[in-house]
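Report on the following structure.
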Amino acid sequence: MNKAIVISAMAAVSSLAVAQTSVIDVNVANAQKGAKIQSTMYGLFFEDINYAADGGLYAEMVKNRSFEFPQALMGWKTYGNVEVRTDGAPFERNPHYVRLSSSGHAHKHTGIENEGFFGVSTVKGNEYKFSVWARALNADAKIRVELDDPASMGETQVTGQAEIIVSGKEWKKYTATIKSDSDVKKGLLRVFLVGDNGVDLEHVSLFPAETFKGRENGLRADLAQALCDIHPGVFRFPGGCIVEGTDLNSRYQWKNSVGAVENRPLNENRWHYTFPHRFYPDYYQSYGLGFYEFFLLSEDMGAEPLPVVSCGLACQFQNETEEAHVPVEDLQPYIQDALDLIEFANGDKSTKWGALRAEMGHPEPFNLKLIGVGNEQWGETFPKHLEPFVKAIRAAYPNIRIVGTSGPDSEGAQFDYLWPEMKRLGADLVDEHFYRPETWFLSQGNRYDKYDRKGPKVFAGEYACHGKGKKWNHFEASLLEAAFMTGLERNADVVHMATYAPLFAHVEGWQWRPDMIWYDNTRSFKSVSYYVQQLYAMNKGTNVLPATMNGKPVAGNLDQDGLFASAVYDAADGSYIVKVVNTASHDKDVDINLKGLKKKAISKCTLTLLHSDNGDADNTLDEPQKITPKTLDRPAAGNVIKTTVPAQSFHVYRIQVK
Ligand code: AHR
């Protein structure tokens, strides 16, 4: 045979192969007996990175409201006669405040102005709640609070204002509601002293009147609602690397994040300086969004809270010497923090920390079941640090499940060392992290098929496809996450939780991408990765069903030409759910064959699909709905769903039976 004939024969065979229908067999007999899918299976991971808390989910609009940044007036401009003081401050853990005294002339002004987080942004017609702690120096004093648009070309910069009389020499909280008469992106908050009677000001705060569930000290309504809409089963907080700190001083200390919001001390945010090429010198943690608020949000979302505490190891990427960490024999205060946290969440009102929770407004326990100890730790030192935590938590709270870690790598020497160590110590779950490229996601469809069924369960605690040379949100990366997740689902007997990361990013303040939800001060959009997570969480079902192609799991790389699939039964409504991801660059005809049903049992099948012709595209602030899931009916032929899964598509079939 000559060469040309061989090539054309090969082409014919390969085009035949492409045109072939792929048959996915889903065995639905004994559906209720399939491995149980945990309610925690798909969840959310929150870390204050990319201005996720202050400047993001936490709705406070004033930056450095307590004048506690190392440069006390960072974020502020002052004019006239303003002094930063610390004597006689009302909140001992936030000792700085400002004194506004007479400018000395009727036509001059004393005051302060705050630049907010990337501007104080207001929406026309919306109301804003201003509050301040203040005391008069002598006689009653007056302050005027303004929302301003410094770029206004109108007659005035003032877009809303209120006046407050401060009376008495005792510190008191004063409030005012201000309506904005304009849309302003890069606005300011100004506080003027009116007249000559001086005043001291502390904890200067401005919130939108409309926060999530109308709470004081609340969350941005659009962002919190986006989280609820995922229907997450677990909520991990407060990080990530910020749990560990760049040094132990800057680790997240949950006790500093509870109690009166005015008295929560400031902490550094390591993401301010971790990447010098994305430097944000004004990025700190006010702890206004603290552990109480995290627990409350978990409850609002119907998600199991999963707080993570420091294990006494500062970030190991940034600290190579032993001196940076707490010696194992000195861990007791850290262990006590973990035990006290469980008491804060679950203790009754007669306990010290349970009483604080009740005083903060939640007398009922939060019913905490999980705790993470350490973030991305590694080496022999980690098991040594973890062990005393495990012993102490087991002794005091035998029902609490403990989450350890396999370190920052998705595989390799450290990973292989830590898994058996976690098993030896009796960790209930192991937190695995993978920010990996396309090739990795394509090759990991059957990652969990061979995992030890007798060891700890898996928590895929941080993952996202970081496209090679394309480390930003785009459709193809999200599609590969969807493909990879079929393997999590097929192995739900061993994988109990999974959370994409990071969650949030401010378009003007990000350090890390891709991220799930993006925003500026007034708008937000959900990435395609968000919709992937949502489709899984809303279709997680209750029991795994075997889904095979030619007898093999549909994991993309077992001669399946990039096709991935998983199937579950949902006891809530008796439906079968099949997820199919076509990562190939050509369409695929697929028969989904439900085996074990009575003849013509299918009564309805809906298909929800996610697709973009442009693998590089994603949603944006200006086009938030560019790529969203669409739902349509799909007829069944007997007990077979005959379908075409277009190239680069994620399909979710929900099949109802008579
Ligand atoms: O998600 C961003 C960072 O990635 C987390 O803080 C850390 O755990 C991981 O290295």
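Ordering of the structure tokens sets the chain letters (A, B, ...); residue numbers start at 1 within each chain; ligands are numbered from 1 in the order shown.
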
Using only C-alpha atoms and all ligand atoms, which residues of the polymer chains come no farther than 8 Å from ligand 1? I'd like the answer as a list in words.
Glu47, Ile49, Gly239, Gly240, Cys241, Ile242, Asn375, Glu376, Pro408, His433, Tyr435, Glu462, Ala501, Pro502 and Trp512 of chain A

Selection file, N, CA and C atoms, as a tab-separated table (two decimals), in the first residue's frame:
chain	number	residue	atom	x	y	z
A	47	GLU	N	-10.87	33.12	52.29
A	47	GLU	CA	-9.65	33.70	52.86
A	47	GLU	C	-9.63	35.18	52.53
A	49	ILE	N	-7.92	37.35	51.07
A	49	ILE	CA	-6.93	37.62	50.03
A	49	ILE	C	-7.69	38.39	48.96
A	239	GLY	N	-8.74	31.00	56.30
A	239	GLY	CA	-7.70	30.84	55.28
A	239	GLY	C	-7.21	29.44	55.40
A	240	GLY	N	-6.26	29.12	54.61
A	240	GLY	CA	-5.22	29.74	53.87
A	240	GLY	C	-4.04	30.21	54.74
A	241	CYS	N	-3.11	30.76	53.97
A	241	CYS	CA	-1.85	31.20	54.56
A	241	CYS	C	-2.05	32.20	55.70
A	242	ILE	N	-3.16	32.95	55.68
A	242	ILE	CA	-3.28	33.94	56.76
A	242	ILE	C	-3.51	33.28	58.11
A	375	ASN	N	-2.46	24.84	58.07
A	375	ASN	CA	-2.86	25.01	56.66
A	375	ASN	C	-1.92	24.19	55.78
A	376	GLU	N	-1.04	24.85	55.07
A	376	GLU	CA	-0.12	24.08	54.20
A	376	GLU	C	1.17	23.84	54.96
A	408	PRO	N	1.40	21.64	50.65
A	408	PRO	CA	1.02	22.46	49.50
A	408	PRO	C	1.05	21.73	48.16
A	433	HIS	N	-4.25	20.36	48.44
A	433	HIS	CA	-4.33	21.59	47.64
A	433	HIS	C	-3.73	21.38	46.26
A	435	TYR	N	-3.29	23.85	42.81
A	435	TYR	CA	-3.43	24.91	41.81
A	435	TYR	C	-2.54	24.45	40.67
A	462	GLU	N	-8.34	23.26	48.48
A	462	GLU	CA	-8.04	24.42	47.63
A	462	GLU	C	-7.66	23.89	46.27
A	501	ALA	N	-10.69	27.50	45.25
A	501	ALA	CA	-10.03	28.65	45.90
A	501	ALA	C	-9.25	29.47	44.88
A	502	PRO	N	-9.04	30.76	45.20
A	502	PRO	CA	-9.74	31.54	46.21
A	502	PRO	C	-11.16	31.91	45.77
A	512	TRP	N	-4.07	37.43	43.52
A	512	TRP	CA	-4.03	36.02	43.09
A	512	TRP	C	-5.24	35.78	42.19

What lies within 12 Å of A:Glu411 using only C-alpha atoms, ignoring chain neighbours under 2 positions off, as a VMD selection string?
chain A and resid 406 to 409 413 to 419 432 to 436 440 444 447

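Here the residues within stretch 173-276 of chain A that DSSP labels alpha helix (DSSP H) on the basis of the backbone are Ala221, Asp222, Leu223, Ala224, Gln225, Ala226, Leu227, Cys228, Asp229, Ile230, Cys241, Ile242, Val243 and Glu244 of chain A.
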
Counting only C-alpha atoms, the residue of A:Asp561, A:Asp570, A:Asp431, A:Glu163 that sits nearest A:Gly461:
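Nearest candidate to A:Gly461 out of A:Asp561, A:Asp570, A:Asp431, A:Glu163: A:Asp431.
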
So that I can see what lies close to A:Ala151, please list as a list in words the residues with an atom at most 12 Å from it, counting only C-alpha atoms and leaving out residues fewer than 5 positions away in the same chain.
Gly119, Thr156, Gln157, Val158, Thr159, Asp183, Val184, Lys185, Lys186, Gly187 and Leu188 of chain A

So that I have them on file, write out the residues from the current selection with C-alpha atoms, as a JSON list (two decimals), in the first residue's frame.
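Saved result, result_25.json, follows:
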[["chain", "number", "residue", "atom", "x", "y", "z"],
["A", 119, "GLY", "CA", -12.98, 55.02, 46.76],
["A", 156, "THR", "CA", -21.13, 70.97, 44.56],
["A", 157, "GLN", "CA", -19.05, 67.97, 45.51],
["A", 158, "VAL", "CA", -21.47, 67.07, 48.29],
["A", 159, "THR", "CA", -23.78, 64.20, 47.42],
["A", 183, "ASP", "CA", -23.81, 57.52, 41.66],
["A", 184, "VAL", "CA", -20.21, 58.05, 42.73],
["A", 185, "LYS", "CA", -17.37, 55.62, 42.09],
["A", 186, "LYS", "CA", -14.39, 57.36, 43.63],
["A", 187, "GLY", "CA", -16.04, 59.31, 46.40],
["A", 188, "LEU", "CA", -14.86, 60.40, 49.85]]

Every residue of stretch 146-268 of chain A that DSSP places in strand (DSSP E), as number ranges by chain
A: 146-148, 158-166, 172-179, 184-194, 199-208, 234-237, 267-268

Counting only C-alpha atoms, what is within 7 Å of stretch 545-560 of chain A, bar same-chain residues fewer than 6 positions away, as a VMD selection string?
chain A and resid 23 to 28 31 34 443 445 to 446 487 566 to 569

Since we have the selection now, will you write its residues out, keeping N, CA, C and O atoms, as a tab-separated table (two decimals), in the first residue's frame?
chain	number	residue	atom	x	y	z
A	23	VAL	N	-21.19	5.35	24.65
A	23	VAL	CA	-22.30	4.88	25.49
A	23	VAL	C	-21.86	4.88	26.95
A	23	VAL	O	-20.90	4.20	27.33
A	24	ILE	N	-22.54	5.70	27.72
A	24	ILE	CA	-22.25	5.74	29.17
A	24	ILE	C	-23.33	4.92	29.86
A	24	ILE	O	-24.52	5.26	29.80
A	25	ASP	N	-22.91	3.83	30.47
A	25	ASP	CA	-23.87	2.99	31.19
A	25	ASP	C	-23.95	3.45	32.64
A	25	ASP	O	-22.93	3.52	33.34
A	26	VAL	N	-25.16	3.73	33.07
A	26	VAL	CA	-25.36	4.12	34.47
A	26	VAL	C	-26.24	3.06	35.10
A	26	VAL	O	-27.39	2.87	34.67
A	27	ASN	N	-25.69	2.39	36.07
A	27	ASN	CA	-26.46	1.32	36.70
A	27	ASN	C	-27.27	1.89	37.86
A	27	ASN	O	-26.71	2.30	38.88
A	28	VAL	N	-28.58	1.92	37.70
A	28	VAL	CA	-29.41	2.57	38.73
A	28	VAL	C	-30.04	1.55	39.69
A	28	VAL	O	-30.75	1.94	40.61
A	31	ALA	N	-29.99	1.94	43.74
A	31	ALA	CA	-29.42	3.29	43.78
A	31	ALA	C	-29.17	3.77	45.21
A	31	ALA	O	-28.12	4.37	45.49
A	34	GLY	N	-25.78	2.96	46.81
A	34	GLY	CA	-24.51	3.53	46.34
A	34	GLY	C	-23.86	4.34	47.46
A	34	GLY	O	-24.55	4.80	48.38
A	443	SER	N	-5.40	14.83	33.61
A	443	SER	CA	-4.85	13.51	33.94
A	443	SER	C	-5.36	12.96	35.28
A	443	SER	O	-5.00	11.87	35.68
A	445	GLY	N	-8.59	12.51	36.42
A	445	GLY	CA	-9.99	12.07	36.52
A	445	GLY	C	-10.15	10.86	37.42
A	445	GLY	O	-11.19	10.67	38.04
A	446	ASN	N	-9.11	10.02	37.47
A	446	ASN	CA	-9.23	8.84	38.34
A	446	ASN	C	-8.28	8.90	39.52
A	446	ASN	O	-7.89	7.87	40.07
A	487	GLY	N	-14.41	13.02	39.06
A	487	GLY	CA	-13.62	12.04	39.82
A	487	GLY	C	-13.83	12.19	41.32
A	487	GLY	O	-13.77	11.21	42.06
A	566	SER	N	-19.89	11.40	35.66
A	566	SER	CA	-20.22	10.81	36.96
A	566	SER	C	-21.73	10.80	37.06
A	566	SER	O	-22.42	11.54	36.34
A	567	ALA	N	-22.25	9.95	37.95
A	567	ALA	CA	-23.70	9.85	38.08
A	567	ALA	C	-24.07	9.65	39.54
A	567	ALA	O	-23.32	9.01	40.30
A	568	VAL	N	-25.18	10.23	39.93
A	568	VAL	CA	-25.64	10.10	41.31
A	568	VAL	C	-27.15	9.92	41.32
A	568	VAL	O	-27.86	10.26	40.35
A	569	TYR	N	-27.62	9.40	42.43
A	569	TYR	CA	-29.06	9.28	42.68
A	569	TYR	C	-29.40	10.34	43.72
A	569	TYR	O	-28.61	10.61	44.63

Just give me the gap between atom CA of A:Ala571 and atom CA of A:Gly638 in Å, one decimal is fine.
22.3 Å

Using only C-alpha atoms, which of the listed residues (A:Asp348, A:Met497, A:Pro624, A:Asp54) sits closest to A:Asn269?
A:Asp54

What is the distance, in Å and to one decimal place, between atom CA of A:Glu387 and atom CA of A:Val328?
9.4 Å

Would you please work out which residue, of A:Val234, A:Ala427, A:Ala395, A:Ala584, is nearest to A:Leu297 when using only C-alpha atoms?
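The shortest atom-to-atom distance to A:Leu297 comes from A:Val234.
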
With only C-alpha atoms as the counted atoms, please give the residues lying no more than 12 Å from A:Glu320, apart from itself and same-chain residues fewer than 4 positions off, as a CSV table (one decimal) with C-alpha atoms, in the first residue's frame.
chain,number,residue,atom,x,y,z
A,246,THR,CA,4.2,35.5,57.8
A,247,ASP,CA,5.4,35.2,61.4
A,313,LEU,CA,4.0,26.8,62.6
A,314,ALA,CA,4.3,30.2,60.8
A,315,CYS,CA,4.2,30.1,57.0
A,316,GLN,CA,6.9,27.5,56.1
A,324,ALA,CA,10.2,31.0,63.6
A,325,HIS,CA,7.9,28.4,65.0
A,378,TRP,CA,5.0,20.0,55.8
A,379,GLY,CA,8.0,18.0,57.1
A,381,THR,CA,7.6,19.0,62.3

May I ask which of the residues A:Lys169, A:Val204, A:Val194, A:Asp300 is the closest one to A:Ser131, counting only C-alpha atoms?
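Ranking A:Lys169, A:Val204, A:Val194, A:Asp300 by distance to A:Ser131, first place goes to A:Val204.
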
So how many Å separate atom CA of A:Lys63 and atom CA of A:Gly288, to one decimal?
11.5 Å

Residue contacts of stretch 225-232 of chain A (7 Å, only C-alpha atoms) excluding same-chain residues fewer than 2 positions away, as a ChimeraX atom specification
/A:42-44,221-223,234,301,303,534,537-538

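By chain and then residue number, the residues within 9 Å of stretch 520-523 of chain A are Gly55, Gly56, Phe117, Phe118, Gly119, Val120, Ser121, Thr122, Val123, Lys185, Asp222, Ala505, His506, Val507, Glu508, Trp518, Phe525 and Leu621 of chain A, counting only C-alpha atoms and disregarding those fewer than 2 positions away in sequence.
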
Write the selection just made, keeping N, CA and C atoms, as an mmCIF file, in the first residue's frame?
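In the end it all went to again_16.cif:
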data_model
loop_
_atom_site.group_PDB
_atom_site.id
_atom_site.type_symbol
_atom_site.label_atom_id
_atom_site.label_comp_id
_atom_site.auth_asym_id
_atom_site.auth_seq_id
_atom_site.Cartn_x
_atom_site.Cartn_y
_atom_site.Cartn_z
ATOM 1 N N GLY A 55 -13.076 45.705 52.390
ATOM 2 C CA GLY A 55 -13.063 46.106 50.981
ATOM 3 C C GLY A 55 -13.818 45.120 50.104
ATOM 4 N N GLY A 56 -14.350 44.059 50.705
ATOM 5 C CA GLY A 56 -15.064 43.044 49.931
ATOM 6 C C GLY A 56 -16.346 42.626 50.621
ATOM 7 N N PHE A 117 -12.150 52.069 50.393
ATOM 8 C CA PHE A 117 -11.399 51.011 49.722
ATOM 9 C C PHE A 117 -11.560 51.248 48.225
ATOM 10 N N PHE A 118 -10.527 51.753 47.607
ATOM 11 C CA PHE A 118 -10.603 52.085 46.171
ATOM 12 C C PHE A 118 -11.733 53.087 45.920
ATOM 13 N N GLY A 119 -11.917 54.013 46.859
ATOM 14 C CA GLY A 119 -12.978 55.015 46.762
ATOM 15 C C GLY A 119 -14.133 54.678 47.698
ATOM 16 N N VAL A 120 -14.836 55.728 48.108
ATOM 17 C CA VAL A 120 -16.096 55.519 48.833
ATOM 18 C C VAL A 120 -17.170 55.594 47.752
ATOM 19 N N SER A 121 -17.703 54.440 47.392
ATOM 20 C CA SER A 121 -18.605 54.388 46.229
ATOM 21 C C SER A 121 -20.049 54.367 46.711
ATOM 22 N N THR A 122 -20.846 55.269 46.160
ATOM 23 C CA THR A 122 -22.245 55.331 46.568
ATOM 24 C C THR A 122 -23.159 55.227 45.350
ATOM 25 N N VAL A 123 -24.383 54.821 45.628
ATOM 26 C CA VAL A 123 -25.367 54.639 44.559
ATOM 27 C C VAL A 123 -26.500 55.637 44.800
ATOM 28 N N LYS A 185 -18.297 56.768 42.016
ATOM 29 C CA LYS A 185 -17.368 55.621 42.095
ATOM 30 C C LYS A 185 -16.223 55.901 43.049
ATOM 31 N N ASP A 222 -24.951 41.651 47.877
ATOM 32 C CA ASP A 222 -24.804 40.900 46.619
ATOM 33 C C ASP A 222 -23.799 39.766 46.768
ATOM 34 N N ALA A 505 -12.377 38.267 44.749
ATOM 35 C CA ALA A 505 -11.319 39.194 44.327
ATOM 36 C C ALA A 505 -11.916 40.538 43.935
ATOM 37 N N HIS A 506 -11.307 41.598 44.457
ATOM 38 C CA HIS A 506 -11.677 42.958 44.051
ATOM 39 C C HIS A 506 -10.893 43.282 42.782
ATOM 40 N N VAL A 507 -11.579 43.808 41.769
ATOM 41 C CA VAL A 507 -10.888 44.037 40.481
ATOM 42 C C VAL A 507 -9.731 45.028 40.614
ATOM 43 N N GLU A 508 -9.780 45.873 41.635
ATOM 44 C CA GLU A 508 -8.684 46.832 41.813
ATOM 45 C C GLU A 508 -7.695 46.401 42.891
ATOM 46 N N TRP A 518 -15.851 38.015 41.397
ATOM 47 C CA TRP A 518 -15.127 39.290 41.255
ATOM 48 C C TRP A 518 -16.084 40.452 41.488
ATOM 49 N N PHE A 525 -19.580 40.000 39.667
ATOM 50 C CA PHE A 525 -19.963 38.975 38.694
ATOM 51 C C PHE A 525 -19.431 37.620 39.134
ATOM 52 N N LEU A 621 -17.373 42.328 34.745
ATOM 53 C CA LEU A 621 -18.285 43.283 35.405
ATOM 54 C C LEU A 621 -19.263 43.872 34.395
#

From the set A:Thr40, A:Gln511, A:Ser310, A:Ser22, which residue has the shortest atom-to-atom contact distance to A:Ser298, counting only C-alpha atoms?
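Distance minimum relative to A:Ser298 lands on A:Thr40.
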